[in-house]
$ cat model.tsv   # TSV, C-alpha atoms
chain	number	residue	atom	x	y	z
B	22	MET	CA	136.58	145.48	128.75
B	23	ALA	CA	133.70	144.16	130.84
B	24	VAL	CA	130.91	145.10	128.42
B	25	THR	CA	132.61	143.57	125.38
B	26	GLY	CA	133.41	140.50	127.48
B	27	VAL	CA	129.73	140.06	128.37
B	28	ILE	CA	128.79	140.31	124.67
B	29	LEU	CA	131.32	137.58	123.83
B	30	VAL	CA	130.03	135.36	126.66
B	31	LEU	CA	126.47	135.66	125.32
B	32	PHE	CA	127.78	134.61	121.91
B	33	LEU	CA	129.55	131.61	123.46
B	34	ILE	CA	126.31	130.47	125.11
B	35	ALA	CA	124.41	130.72	121.81
B	36	HIS	CA	127.22	129.00	119.90
B	37	MET	CA	127.40	126.19	122.46
B	38	TYR	CA	123.66	125.60	122.13
B	39	GLY	CA	123.97	125.47	118.35
B	40	ASN	CA	126.80	122.92	118.56
B	41	LEU	CA	124.67	120.62	120.73
B	42	LYS	CA	122.16	120.33	117.90
B	43	ILE	CA	124.64	117.88	116.36
B	44	PHE	CA	122.79	115.25	118.44
B	45	SER	CA	119.57	115.97	116.52
B	46	GLY	CA	121.04	114.56	113.31
B	47	GLN	CA	122.33	115.92	110.02
B	48	GLN	CA	119.05	117.37	108.77
B	49	ALA	CA	118.36	119.30	111.95
B	50	PHE	CA	121.93	120.59	112.24
B	51	ASP	CA	122.13	121.68	108.59
B	52	ASP	CA	118.67	123.27	108.82
B	53	TYR	CA	119.84	125.22	111.88
B	54	SER	CA	122.90	126.46	109.97
B	55	ALA	CA	120.70	127.47	107.03
B	56	TYR	CA	118.27	129.26	109.37
B	57	LEU	CA	121.07	131.52	110.60
B	58	ARG	CA	121.49	132.71	107.02
B	59	ASP	CA	117.75	133.06	106.37
B	60	LEU	CA	117.18	134.96	109.61
B	61	GLY	CA	115.64	138.40	109.04
B	62	GLU	CA	114.44	137.78	105.48
B	63	PRO	CA	112.83	139.50	103.64
B	64	LEU	CA	113.52	142.59	105.76
B	65	LEU	CA	117.23	141.83	105.50
B	66	PRO	CA	119.07	140.25	102.57
B	67	TYR	CA	120.24	136.64	102.69
B	68	SER	CA	122.80	136.26	105.51
B	69	GLY	CA	122.16	139.90	106.47
B	70	ALA	CA	121.39	139.18	110.14
B	71	LEU	CA	124.32	136.77	110.33
B	72	TRP	CA	126.71	139.42	109.02
B	73	LEU	CA	125.34	141.96	111.51
B	74	MET	CA	126.11	139.50	114.31
B	75	ARG	CA	129.58	138.92	112.88
B	76	LEU	CA	130.26	142.66	112.76
B	77	VAL	CA	129.13	143.09	116.38
B	78	LEU	CA	131.38	140.19	117.40
B	79	LEU	CA	134.34	141.53	115.46
B	80	ALA	CA	133.89	145.00	116.96
B	81	SER	CA	133.62	143.45	120.44
B	82	ILE	CA	136.80	141.41	119.95
B	83	LEU	CA	138.78	144.40	118.66
B	84	LEU	CA	137.54	146.65	121.48
B	85	HIS	CA	138.26	143.88	124.00
B	86	ILE	CA	141.85	143.63	122.76
B	87	TYR	CA	142.20	147.42	122.68
B	88	ALA	CA	140.95	147.66	126.27
B	89	ALA	CA	143.37	144.93	127.39
B	90	VAL	CA	146.36	146.66	125.78
B	91	THR	CA	145.29	150.05	127.16
B	92	LEU	CA	144.90	148.75	130.72
B	93	TRP	CA	148.22	146.91	130.53
B	94	HIS	CA	149.95	150.06	129.26
B	95	ARG	CA	148.44	152.18	132.05
B	96	ALA	CA	149.54	149.66	134.68
B	97	ARG	CA	153.09	149.67	133.32
B	98	ALA	CA	153.16	153.46	133.12
B	99	VAL	CA	152.21	154.05	136.76
B	100	THR	CA	154.67	151.43	138.09
B	101	SER	CA	157.74	152.45	136.04
B	102	GLY	CA	157.50	149.30	133.93
B	103	ARG	CA	157.48	146.87	136.85
B	104	GLY	CA	153.80	145.98	136.60
B	105	ALA	CA	151.27	146.25	139.40
B	106	ALA	CA	150.84	143.87	142.32
B	107	ARG	CA	147.21	142.84	142.38
B	108	TYR	CA	144.57	141.35	144.67
B	109	VAL	CA	145.80	142.43	148.08
B	110	SER	CA	145.13	139.53	150.43
B	111	THR	CA	146.38	138.25	153.77
B	112	LYS	CA	146.14	134.72	152.36
B	113	ALA	CA	149.16	135.29	150.14
B	114	ARG	CA	152.62	135.32	151.73
B	115	ARG	CA	153.67	138.60	150.13
B	116	GLY	CA	150.29	140.21	150.67
B	117	HIS	CA	149.28	140.02	147.00
B	118	GLN	CA	147.17	137.24	145.58
B	119	ARG	CA	147.07	136.27	141.88
B	120	SER	CA	145.29	133.25	140.51
B	121	TYR	CA	146.76	131.16	137.69
B	122	ALA	CA	143.86	132.30	135.49
B	123	SER	CA	144.65	135.99	136.06
B	124	PHE	CA	148.37	135.42	135.55
B	125	THR	CA	147.85	133.71	132.16
B	126	LEU	CA	144.93	135.85	131.02
B	127	ARG	CA	146.61	137.66	128.12
B	128	TRP	CA	148.42	134.55	126.84
B	129	GLY	CA	145.20	132.58	127.04
B	130	GLY	CA	143.63	135.30	124.92
B	131	VAL	CA	146.35	134.84	122.29
B	132	VAL	CA	145.74	131.07	122.20
B	133	ILE	CA	141.99	131.63	121.86
B	134	GLY	CA	142.51	134.21	119.09
B	135	LEU	CA	144.72	131.88	117.05
B	136	PHE	CA	142.25	129.03	117.49
B	137	VAL	CA	139.30	131.20	116.40
B	138	ILE	CA	141.09	131.92	113.11
B	139	TYR	CA	141.67	128.20	112.53
B	140	HIS	CA	138.11	127.38	113.64
B	141	ILE	CA	136.62	129.82	111.12
B	142	LEU	CA	138.80	128.49	108.29
B	143	HIS	CA	137.73	124.95	109.18
B	144	LEU	CA	134.01	125.07	110.01
B	145	THR	CA	132.84	128.36	108.49
B	146	THR	CA	134.70	129.01	105.25
B	147	ASN	CA	135.61	125.34	104.57
B	148	THR	CA	139.12	126.49	103.62
B	149	ILE	CA	140.86	123.96	105.86
B	150	ALA	CA	139.27	120.53	105.69
B	151	PRO	CA	140.75	117.92	108.05
B	152	GLY	CA	138.99	114.65	107.32
B	153	GLY	CA	137.54	115.97	104.07
B	154	ALA	CA	135.71	119.03	102.78
B	155	SER	CA	131.92	119.13	102.56
B	156	ALA	CA	129.15	121.58	101.77
B	157	SER	CA	127.29	120.22	104.82
B	158	PRO	CA	128.16	121.88	108.17
B	159	TYR	CA	127.23	118.60	109.88
B	160	GLU	CA	129.63	116.59	107.76
B	161	ARG	CA	132.42	119.13	108.29
B	162	MET	CA	132.10	118.67	112.04
B	163	ILE	CA	131.95	114.88	111.77
B	164	ASN	CA	134.90	114.70	109.38
B	165	GLY	CA	137.07	116.98	111.51
B	166	PHE	CA	136.32	115.66	114.98
B	167	GLN	CA	136.81	112.05	113.95
B	168	LEU	CA	140.53	112.92	114.01
B	169	TRP	CA	142.19	113.01	117.45
B	170	PRO	CA	144.68	115.82	116.54
B	171	VAL	CA	141.71	118.08	115.74
B	172	VAL	CA	140.00	117.19	119.02
B	173	LEU	CA	143.29	117.76	120.87
B	174	SER	CA	143.72	121.26	119.42
B	175	TYR	CA	140.09	122.00	120.23
B	176	SER	CA	140.62	120.78	123.81
B	177	ILE	CA	143.70	122.97	124.32
B	178	ALA	CA	141.74	126.00	123.14
B	179	LEU	CA	138.84	125.14	125.46
B	180	ILE	CA	141.16	124.82	128.47
B	181	ALA	CA	142.61	128.26	127.67
B	182	LEU	CA	139.05	129.56	127.28
B	183	ALA	CA	138.04	128.08	130.64
B	184	PHE	CA	140.80	129.98	132.51
B	185	HIS	CA	140.12	133.16	130.53
B	186	LEU	CA	136.37	132.92	131.02
B	187	ARG	CA	136.43	132.09	134.72
B	188	HIS	CA	138.63	135.05	135.65
B	189	GLY	CA	137.12	137.32	133.00
B	190	LEU	CA	133.58	136.81	134.30
B	191	TRP	CA	134.66	137.56	137.85
B	192	ALA	CA	136.57	140.66	136.75
B	193	ALA	CA	133.59	141.83	134.68
B	194	PHE	CA	131.24	141.48	137.64
B	195	ALA	CA	133.64	143.56	139.73
B	196	SER	CA	134.17	146.18	137.01
B	197	LEU	CA	130.41	146.60	136.56
B	198	GLY	CA	130.05	147.36	140.27
B	199	TRP	CA	128.36	144.16	141.45
B	200	ASN	CA	131.10	143.21	143.94
B	201	ARG	CA	129.77	145.08	146.99
B	202	SER	CA	130.26	142.73	149.93
B	203	GLN	CA	131.95	139.51	150.98
B	204	ARG	CA	128.67	137.56	150.57
B	205	VAL	CA	128.06	139.00	147.11
B	206	ARG	CA	131.70	138.36	146.20
B	207	ARG	CA	131.31	134.69	147.15
B	208	ASN	CA	128.12	134.37	145.10
B	209	LEU	CA	129.75	136.06	142.10
B	210	ASN	CA	132.67	133.64	142.31
B	211	ILE	CA	130.23	130.71	142.31
B	212	MET	CA	128.30	132.23	139.41
B	213	ALA	CA	131.46	132.73	137.35
B	214	THR	CA	132.53	129.14	138.00
B	215	VAL	CA	129.12	127.66	137.15
B	216	VAL	CA	128.70	129.68	133.94
B	217	THR	CA	132.23	128.74	132.84
B	218	ALA	CA	131.66	125.05	133.63
B	219	VAL	CA	128.39	124.94	131.68
B	220	ILE	CA	129.86	126.64	128.61
B	221	ILE	CA	133.07	124.61	128.54
B	222	LEU	CA	131.28	121.28	129.14
B	223	GLY	CA	128.78	122.15	126.42
B	224	PHE	CA	131.63	122.75	123.96
B	225	PHE	CA	133.51	119.60	125.02
B	226	ILE	CA	130.61	117.18	124.52
B	227	PRO	CA	130.15	117.25	120.69
B	228	PRO	CA	133.79	116.67	119.61
B	229	PHE	CA	134.29	113.80	122.04
B	230	ALA	CA	130.91	112.31	121.14
B	231	ILE	CA	132.06	112.31	117.50
B	232	LEU	CA	135.56	111.03	118.29
B	233	PHE	CA	134.18	108.03	120.22
B	234	GLY	CA	131.47	107.25	117.68
B	235	VAL	CA	128.41	108.37	119.65
B	236	VAL	CA	127.57	110.73	116.77
B	237	GLN	CA	128.41	109.44	113.28
$ encode --input "model.tsv" --output "structure tokens"
Amino acid sequence: MAVTGVILVLFLIAHMYGNLKIFSGQQAFDDYSAYLRDLGEPLLPYSGALWLMRLVLLASILLHIYAAVTLWHRARAVTSGRGAARYVSTKARRGHQRSYASFTLRWGGVVIGLFVIYHILHLTTNTIAPGGASASPYERMINGFQLWPVVLSYSIALIALAFHLRHGLWAAFASLGWNRSQRVRRNLNIMATVVTAVIILGFFIPPFAILFGVVQ
């Protein structure tokens, strides 16, 4: 669960950086998109490196889901179907502390999964074309994010991602054995919050810049 989560976070950082190139103009953004397909040539065929990355991402997503279902099933099995009380803490009235992010983790994952399918159909395969279809990745982004319903759906997915990412990063740090003291725990919490804030803000900027006419 933790290892596949880290792989997906690294992808999010790279994807966020690529999205920000929208501010460099159409030529730069389209050249960046073309570069991803040319990457690895002539050692690899056209789009070969891109498909390798897609396969790694797909495998990571499937293993992440499998791990989530397996852990949920184990928790139900050892508690006779009642579920496990988590995060023992004297701060909580009943002695067990759960954050909103941890409570909604699996449903946030469903929202993110559904959005990813829509996102691919829109900006990758050009199957869904709100605002108009185009062979240019730059124009597809501009056409789509000029529409407030598209930006709204994107925002809902990003909010779900923020909760999922914040708790997921913290849980991954703990699962990988980094949570060894109260001081380290505090630093890991800060790190998870900062990384989440940077990624989510980086994804929020382009659609709203397009919606309000900063990028045209």
$ residues_around --input "model.tsv" --residues "Ile34 of chain B" --least-positions-apart "6" --cutoff "9 Å" --atoms "all atoms listed in the file" --output "PyMOL selection string"
chain B and resi 219-220+223
$ atom_distance --input "model.tsv" --atom1 "atom CA of His185 of chain B" --atom2 "atom CA of Ala23 of chain B"
12.7 Å
$ atom_distance --input "model.tsv" --atom1 "atom CA of Arg206 of chain B" --atom2 "atom CA of Ala192 of chain B"
10.9 Å
$ closest_residue --input "model.tsv" --among "B:Met37, B:Ala55, B:Val215, B:Val99" --to "Pro158 of chain B" --atoms "all atoms listed in the file"
B:Ala55
$ residues_around --input "model.tsv" --residues "Val235 of chain B" --least-positions-apart "6" --cutoff "12 Å" --atoms "all atoms listed in the file" --output "ChimeraX atom specification"
/B:43-44,46,163,166-167,226-229
$ atom_distance --input "model.tsv" --atom1 "atom CA of Leu190 of chain B" --atom2 "atom CA of Lys42 of chain B"
25.9 Å
$ closest_residue --input "model.tsv" --among "B:Leu222, B:Leu197, B:Ile211, B:Leu29" --to "Leu84 of chain B" --atoms "all atoms listed in the file"
B:Leu29
$ closest_residue --input "model.tsv" --among "B:Val27, B:Ile221, B:Ala70, B:Met22" --to "Ile86 of chain B" --atoms "only C-alpha atoms"
B:Met22
$ closest_residue --input "model.tsv" --among "B:Leu60, B:Pro151, B:Leu33, B:Asn208" --to "Leu179 of chain B" --atoms "all atoms listed in the file"
B:Leu33
$ closest_residue --input "model.tsv" --among "B:Ser176, B:Asn147, B:Thr214, B:Asn200" --to "Arg161 of chain B" --atoms "all atoms listed in the file"
B:Asn147
$ closest_residue --input "model.tsv" --among "B:Ile231, B:Val24, B:Ala213, B:Ala35" --to "Leu168 of chain B" --atoms "all atoms listed in the file"
B:Ile231
